[in-house]
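Raw contents of query.cif, mmCIF, C-alpha atoms:
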```cif
data_my_file
#
loop_
_atom_site.group_PDB
_atom_site.id
_atom_site.type_symbol
_atom_site.label_atom_id
_atom_site.label_comp_id
_atom_site.auth_asym_id
_atom_site.auth_seq_id
_atom_site.Cartn_x
_atom_site.Cartn_y
_atom_site.Cartn_z
ATOM 1 C CA MET M 1 99.720 104.863 132.277
ATOM 2 C CA THR M 2 102.173 103.594 134.824
ATOM 3 C CA ASP M 3 105.873 104.323 134.547
ATOM 4 C CA GLU M 4 106.529 100.688 133.646
ATOM 5 C CA THR M 5 103.903 100.758 130.869
ATOM 6 C CA THR M 6 105.344 104.003 129.497
ATOM 7 C CA LEU M 7 108.865 102.565 129.445
ATOM 8 C CA LEU M 8 107.612 99.433 127.706
ATOM 9 C CA ALA M 9 105.797 101.499 125.059
ATOM 10 C CA LEU M 10 108.890 103.666 124.486
ATOM 11 C CA GLY M 11 111.070 100.567 124.197
ATOM 12 C CA LEU M 12 108.712 99.074 121.608
ATOM 13 C CA LEU M 13 108.671 102.330 119.614
ATOM 14 C CA SER M 14 112.468 102.563 119.785
ATOM 15 C CA ASN M 15 112.852 99.007 118.487
ATOM 16 C CA GLN M 16 110.314 99.630 115.713
ATOM 17 C CA LEU M 17 112.208 102.732 114.561
ATOM 18 C CA ALA M 18 115.547 100.874 114.643
ATOM 19 C CA ASP M 19 113.984 98.094 112.550
ATOM 20 C CA ALA M 20 112.636 100.707 110.099
ATOM 21 C CA VAL M 21 116.135 102.170 109.670
ATOM 22 C CA GLU M 22 117.656 98.710 109.193
ATOM 23 C CA ASN M 23 115.036 97.607 106.646
ATOM 24 C CA ALA M 24 115.093 100.794 104.554
ATOM 25 C CA GLY M 25 118.873 101.041 104.923
ATOM 26 C CA ARG M 26 119.301 97.960 102.741
ATOM 27 C CA SER M 27 118.296 100.150 99.762
ATOM 28 C CA ILE M 28 120.447 103.169 100.651
ATOM 29 C CA VAL M 29 123.853 103.602 98.995
ATOM 30 C CA GLY M 30 126.647 106.153 99.144
ATOM 31 C CA VAL M 31 127.260 108.275 96.034
ATOM 32 C CA ASN M 32 130.769 109.533 95.207
ATOM 33 C CA ALA M 33 130.186 112.363 92.743
ATOM 34 C CA ARG M 34 131.653 115.425 94.415
ATOM 35 C CA ARG M 35 134.978 116.500 95.883
ATOM 36 C CA ARG M 36 134.514 116.230 99.606
ATOM 37 C CA ARG M 37 131.944 114.080 101.333
ATOM 38 C CA PRO M 38 129.847 111.533 99.445
ATOM 39 C CA SER M 39 126.101 111.970 99.345
ATOM 40 C CA SER M 40 123.486 109.228 99.533
ATOM 41 C CA GLY M 41 121.194 107.571 97.016
ATOM 42 C CA ILE M 42 118.216 105.217 96.930
ATOM 43 C CA TYR M 43 118.331 101.956 94.992
ATOM 44 C CA TRP M 44 115.053 102.706 93.271
ATOM 45 C CA ARG M 45 114.595 100.152 90.518
ATOM 46 C CA SER M 46 116.702 97.438 88.920
ATOM 47 C CA ASN M 47 120.107 99.013 88.173
ATOM 48 C CA LEU M 48 118.857 102.580 88.899
ATOM 49 C CA ILE M 49 119.684 104.862 91.816
ATOM 50 C CA VAL M 50 117.993 108.194 92.490
ATOM 51 C CA THR M 51 119.894 110.928 94.280
ATOM 52 C CA ALA M 52 119.912 114.711 94.664
ATOM 53 C CA ASP M 53 121.118 116.390 91.475
ATOM 54 C CA HIS M 54 122.986 119.163 93.307
ATOM 55 C CA THR M 55 125.359 116.535 94.745
ATOM 56 C CA ILE M 56 126.480 115.362 91.280
ATOM 57 C CA GLN M 57 129.400 117.690 90.612
ATOM 58 C CA ARG M 58 131.139 115.636 87.930
ATOM 59 C CA ASP M 59 129.906 113.624 84.957
ATOM 60 C CA GLU M 60 132.596 110.936 84.978
ATOM 61 C CA ASP M 61 134.331 108.737 87.516
ATOM 62 C CA LEU M 62 131.174 108.273 89.599
ATOM 63 C CA SER M 63 130.991 105.454 92.094
ATOM 64 C CA ILE M 64 128.492 103.922 94.469
ATOM 65 C CA ILE M 65 129.231 102.579 97.953
ATOM 66 C CA LEU M 66 127.063 99.525 98.604
ATOM 67 C CA PRO M 67 125.836 98.536 102.077
ATOM 68 C CA ASP M 68 128.530 95.823 102.262
ATOM 69 C CA GLY M 69 131.273 98.437 101.629
ATOM 70 C CA GLN M 70 131.925 97.402 98.028
ATOM 71 C CA THR M 71 132.442 100.286 95.589
ATOM 72 C CA ILE M 72 131.115 100.000 92.024
ATOM 73 C CA ALA M 73 131.086 102.320 89.002
ATOM 74 C CA ALA M 74 128.022 104.346 88.021
ATOM 75 C CA THR M 75 127.018 106.505 85.075
ATOM 76 C CA ILE M 76 124.482 109.292 84.783
ATOM 77 C CA ALA M 77 121.222 108.044 83.270
ATOM 78 C CA GLY M 78 119.467 111.401 83.582
ATOM 79 C CA ARG M 79 119.258 114.529 85.656
ATOM 80 C CA ASP M 80 116.867 117.388 86.211
ATOM 81 C CA PRO M 81 118.242 120.374 88.152
ATOM 82 C CA GLY M 82 114.719 121.882 88.255
ATOM 83 C CA THR M 83 113.499 119.092 90.519
ATOM 84 C CA ASP M 84 116.945 118.336 92.026
ATOM 85 C CA ILE M 85 116.702 114.702 90.886
ATOM 86 C CA ALA M 86 119.483 112.690 89.263
ATOM 87 C CA VAL M 87 119.285 109.057 88.172
ATOM 88 C CA LEU M 88 122.414 106.918 88.110
ATOM 89 C CA ARG M 89 122.819 103.597 86.323
ATOM 90 C CA VAL M 90 124.849 100.726 87.773
ATOM 91 C CA GLU M 91 125.621 97.223 86.588
ATOM 92 C CA SER M 92 123.513 94.442 88.010
ATOM 93 C CA ILE M 93 123.743 94.406 91.798
ATOM 94 C CA ASP M 94 121.959 92.345 94.391
ATOM 95 C CA LEU M 95 120.123 94.897 96.541
ATOM 96 C CA PRO M 96 116.469 95.118 97.444
ATOM 97 C CA THR M 97 114.662 97.995 95.773
ATOM 98 C CA ALA M 98 113.280 100.684 98.014
ATOM 99 C CA PRO M 99 110.076 99.799 99.916
ATOM 100 C CA ILE M 100 107.626 102.545 98.873
ATOM 101 C CA ALA M 101 104.942 103.895 101.220
ATOM 102 C CA GLN M 102 101.412 103.695 99.859
ATOM 103 C CA ASP M 103 99.879 106.134 102.361
ATOM 104 C CA VAL M 104 99.908 109.879 101.769
ATOM 105 C CA PRO M 105 102.348 111.623 104.150
ATOM 106 C CA LYS M 106 100.678 113.731 106.847
ATOM 107 C CA VAL M 107 101.823 116.708 108.883
ATOM 108 C CA GLY M 108 102.814 115.504 112.367
ATOM 109 C CA GLN M 109 103.837 112.016 111.196
ATOM 110 C CA ILE M 110 107.042 110.619 112.757
ATOM 111 C CA ILE M 111 109.713 110.248 110.084
ATOM 112 C CA LEU M 112 113.346 109.182 109.760
ATOM 113 C CA ALA M 113 115.999 110.502 107.388
ATOM 114 C CA ILE M 114 118.388 107.726 106.346
ATOM 115 C CA ALA M 115 121.797 108.078 104.695
ATOM 116 C CA ARG M 116 124.858 105.973 103.947
ATOM 117 C CA ASN M 117 128.091 107.464 105.295
ATOM 118 C CA PRO M 118 131.609 107.058 103.798
ATOM 119 C CA GLU M 119 132.395 104.127 106.089
ATOM 120 C CA SER M 120 129.396 102.337 104.519
ATOM 121 C CA SER M 121 127.402 102.356 107.733
ATOM 122 C CA ILE M 122 123.902 103.741 107.960
ATOM 123 C CA SER M 123 123.033 107.041 109.643
ATOM 124 C CA ALA M 124 119.620 108.283 110.723
ATOM 125 C CA SER M 125 117.885 111.381 112.048
ATOM 126 C CA MET M 126 114.372 111.451 113.526
ATOM 127 C CA GLY M 127 111.680 114.119 113.433
ATOM 128 C CA ILE M 128 108.202 114.842 112.167
ATOM 129 C CA ILE M 129 106.691 116.190 108.976
ATOM 130 C CA SER M 130 106.243 119.874 109.777
ATOM 131 C CA ALA M 131 104.613 120.930 106.490
ATOM 132 C CA ILE M 132 103.655 119.853 103.005
ATOM 133 C CA THR M 133 104.237 122.800 100.692
ATOM 134 C CA GLU M 134 104.587 123.828 97.089
ATOM 135 C CA GLY M 135 108.106 124.278 95.696
ATOM 136 C CA ARG M 136 109.639 127.644 94.928
ATOM 137 C CA ARG M 137 108.361 129.623 91.995
ATOM 138 C CA GLY M 138 110.356 129.253 88.819
ATOM 139 C CA ARG M 139 111.375 125.701 89.721
ATOM 140 C CA ARG M 140 109.552 122.524 88.829
ATOM 141 C CA MET M 141 109.764 121.041 92.312
ATOM 142 C CA GLY M 142 105.994 120.606 92.745
ATOM 143 C CA GLN M 143 104.804 119.509 96.145
ATOM 144 C CA LEU M 144 107.484 119.138 98.821
ATOM 145 C CA ILE M 145 107.636 117.686 102.313
ATOM 146 C CA ARG M 146 109.294 119.850 104.933
ATOM 147 C CA PRO M 147 110.750 117.578 107.618
ATOM 148 C CA SER M 148 111.568 118.899 111.064
ATOM 149 C CA LEU M 149 114.890 117.100 111.590
ATOM 150 C CA ASN M 150 118.601 117.470 110.926
ATOM 151 C CA LEU M 151 120.032 116.525 107.557
ATOM 152 C CA TYR M 152 123.693 116.016 108.348
ATOM 153 C CA PRO M 153 126.418 116.169 105.682
ATOM 154 C CA GLY M 154 125.895 113.312 103.238
ATOM 155 C CA PHE M 155 122.125 113.031 103.847
ATOM 156 C CA SER M 156 121.157 114.716 100.546
ATOM 157 C CA GLY M 157 119.880 112.037 98.168
ATOM 158 C CA GLY M 158 118.999 109.711 101.044
ATOM 159 C CA ALA M 159 115.537 108.536 102.001
ATOM 160 C CA LEU M 160 112.828 109.924 104.235
ATOM 161 C CA VAL M 161 110.912 106.979 105.666
ATOM 162 C CA ASN M 162 107.865 106.454 107.837
ATOM 163 C CA ALA M 163 107.902 104.463 111.093
ATOM 164 C CA GLU M 164 107.421 101.245 109.105
ATOM 165 C CA GLY M 165 110.600 101.871 107.060
ATOM 166 C CA GLN M 166 108.721 102.659 103.847
ATOM 167 C CA ILE M 167 110.177 105.432 101.726
ATOM 168 C CA ILE M 168 108.043 108.547 101.401
ATOM 169 C CA GLY M 169 110.611 110.657 99.571
ATOM 170 C CA MET M 170 114.197 111.693 98.846
ATOM 171 C CA ASN M 171 115.893 114.264 101.066
ATOM 172 C CA THR M 172 117.686 117.303 99.723
ATOM 173 C CA SER M 173 119.366 120.281 101.306
ATOM 174 C CA GLY M 174 119.784 122.059 97.992
ATOM 175 C CA GLU M 175 117.254 124.832 98.682
ATOM 176 C CA ARG M 176 119.163 127.304 100.858
ATOM 177 C CA HIS M 177 120.454 124.327 102.854
ATOM 178 C CA MET M 178 116.986 123.882 104.337
ATOM 179 C CA PRO M 179 115.887 120.256 104.685
ATOM 180 C CA LEU M 180 113.301 119.356 102.072
ATOM 181 C CA THR M 181 111.981 116.049 100.823
ATOM 182 C CA ILE M 182 110.877 115.310 97.281
ATOM 183 C CA PRO M 183 107.873 112.938 97.563
ATOM 184 C CA VAL M 184 107.967 109.504 95.915
ATOM 185 C CA ALA M 185 105.247 110.621 93.473
ATOM 186 C CA THR M 186 107.766 113.081 91.940
ATOM 187 C CA LEU M 187 110.613 110.562 91.817
#
```
Mind turning this structure into structure tokens?
Amino acid sequence: MTDETTLLALGLLSNQLADAVENAGRSIVGVNARRRRPSSGIYWRSNLIVTADHTIQRDEDLSIILPDGQTIAATIAGRDPGTDIAVLRVESIDLPTAPIAQDVPKVGQIILAIARNPESSISASMGIISAITEGRRGRRMGQLIRPSLNLYPGFSGGALVNAEGQIIGMNTSGERHMPLTIPVATL
């Protein structure tokens, strides 16, 4: 490959990844359910948001930050500390539900972690899938994806997406603050 061809290919990949973040980001919300920094959540189904259970530190006065910056009330619909999954219910909102990947995640695949920060803008981190493992004994986590990327504060409960912007799982840093992703099949 010539230098010009390489630069063109990198530019195309960069644009594709930016588009993936933008597309998946439409389904990512902020979750105010703990004292300091909000976490993230995925608008999963009509009026339901999935997020990481360890980030829900209160049962009342929960709120969601929408992509347009609007804040709305939420209630807990269910939670399972064993899988680190919480489901929040919101009143009818006009957001697209998460685009779900149909392909099985593979080790070495390029992935993006996506979160919504307190200012309502989207944040992303890029890496690869470094392993697909079983969860810790004594917990019902099942199969987990181990991403090789940084999960910054607020990324727990956000999405892990493939290069097409399809969600392959929900990120959590609840296990010894090590990045892990709960696959969509578990959600």
Discussion item. Since I can't run it myself right now, could you work out what the PyMOL selection byres ((chain M and resi 82-87) around 9) selects here and report it as number ranges by chain?
Written reply: M: 48-56, 75-81, 88-89, 138-142, 157, 170, 172, 174, 182, 186-187
Item to complete: Within 12 Å of region 65-70 of chain M, counting all atoms listed in the file, which residues show up once you throw out same-chain ones fewer than 5 positions away? Write them as a VMD selection string, please.
Response: chain M and resid 22 to 33 38 to 43 49 90 93 to 96 115 to 123
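You will find CA of Ala9 (chain M) at 27.1 Å from CA of Leu151 (chain M).
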Practice prompt. List, as a list in words, every residue that the PyMOL selection byres ((chain M and resi 110) around 9) selects in the file provided.
Written response: Val107, Gly108, Gln109, Ile111, Leu112, Met126, Gly127, Ile128, Ile129, Val161, Asn162 and Ala163 of chain M
Write the residues of the selection above to a file with C-alpha atoms, as a compact mmCIF listing (two decimals), keeping the file's coordinate frame.
```txt
# COMPACT_ATOMS: atom_id res chain seq x y z
CA VAL M 107 101.82 116.71 108.88
CA GLY M 108 102.81 115.50 112.37
CA GLN M 109 103.84 112.02 111.20
CA ILE M 111 109.71 110.25 110.08
CA LEU M 112 113.35 109.18 109.76
CA MET M 126 114.37 111.45 113.53
CA GLY M 127 111.68 114.12 113.43
CA ILE M 128 108.20 114.84 112.17
CA ILE M 129 106.69 116.19 108.98
CA VAL M 161 110.91 106.98 105.67
CA ASN M 162 107.86 106.45 107.84
CA ALA M 163 107.90 104.46 111.09
```
Item to complete: Could you jot down the CA of Asp103 (chain M) to CA of Leu149 (chain M) separation for me, Å, one decimal place?
Response: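 So the two atoms, CA of Asp103 (chain M) and CA of Leu149 (chain M), lie 20.8 Å apart.
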Worksheet item: Smallest atom-to-atom distance to Ile132 (chain M): which of M:Ser92, M:Gln57, M:Asn15, M:Thr181, using all atoms listed in the file?
Response: M:Thr181
Worksheet item: Which residues, written as a list in words, have at least one atom at most 10 Å from Val104 (chain M), with all atoms listed in the file counted and residues fewer than 2 positions away on the same chain left out?
Response: Ala101, Gln102, Lys106, Ile168, Pro183, Val184 and Ala185 of chain M
Worksheet item: Which one of M:Glu60, M:Glu91, M:Glu134, M:Asp3 sits closest to Arg146 (chain M) if you count all atoms listed in the file?
Response: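 Smallest distance to Arg146 (chain M) is found for M:Glu134.
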Would you place a box with edges along x, y and z of the file around all atoms of region 48-66 of chain M listed there, add 4 Å to each of its six sides, and report the centre and edge lengths in Å to one decimal, as lines of an AutoDock Vina configuration file?
```
center_x = 126.2
center_y = 109.3
center_z = 91.8
size_x = 24.3
size_y = 27.6
size_z = 21.6
```
Fill in: Atomic separation - CA of Gly169 (chain M) relative to CA of Asn47 (chain M), Å
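Pair CA of Asn47 (chain M) / CA of Gly169 (chain M) returns 18.9 Å.
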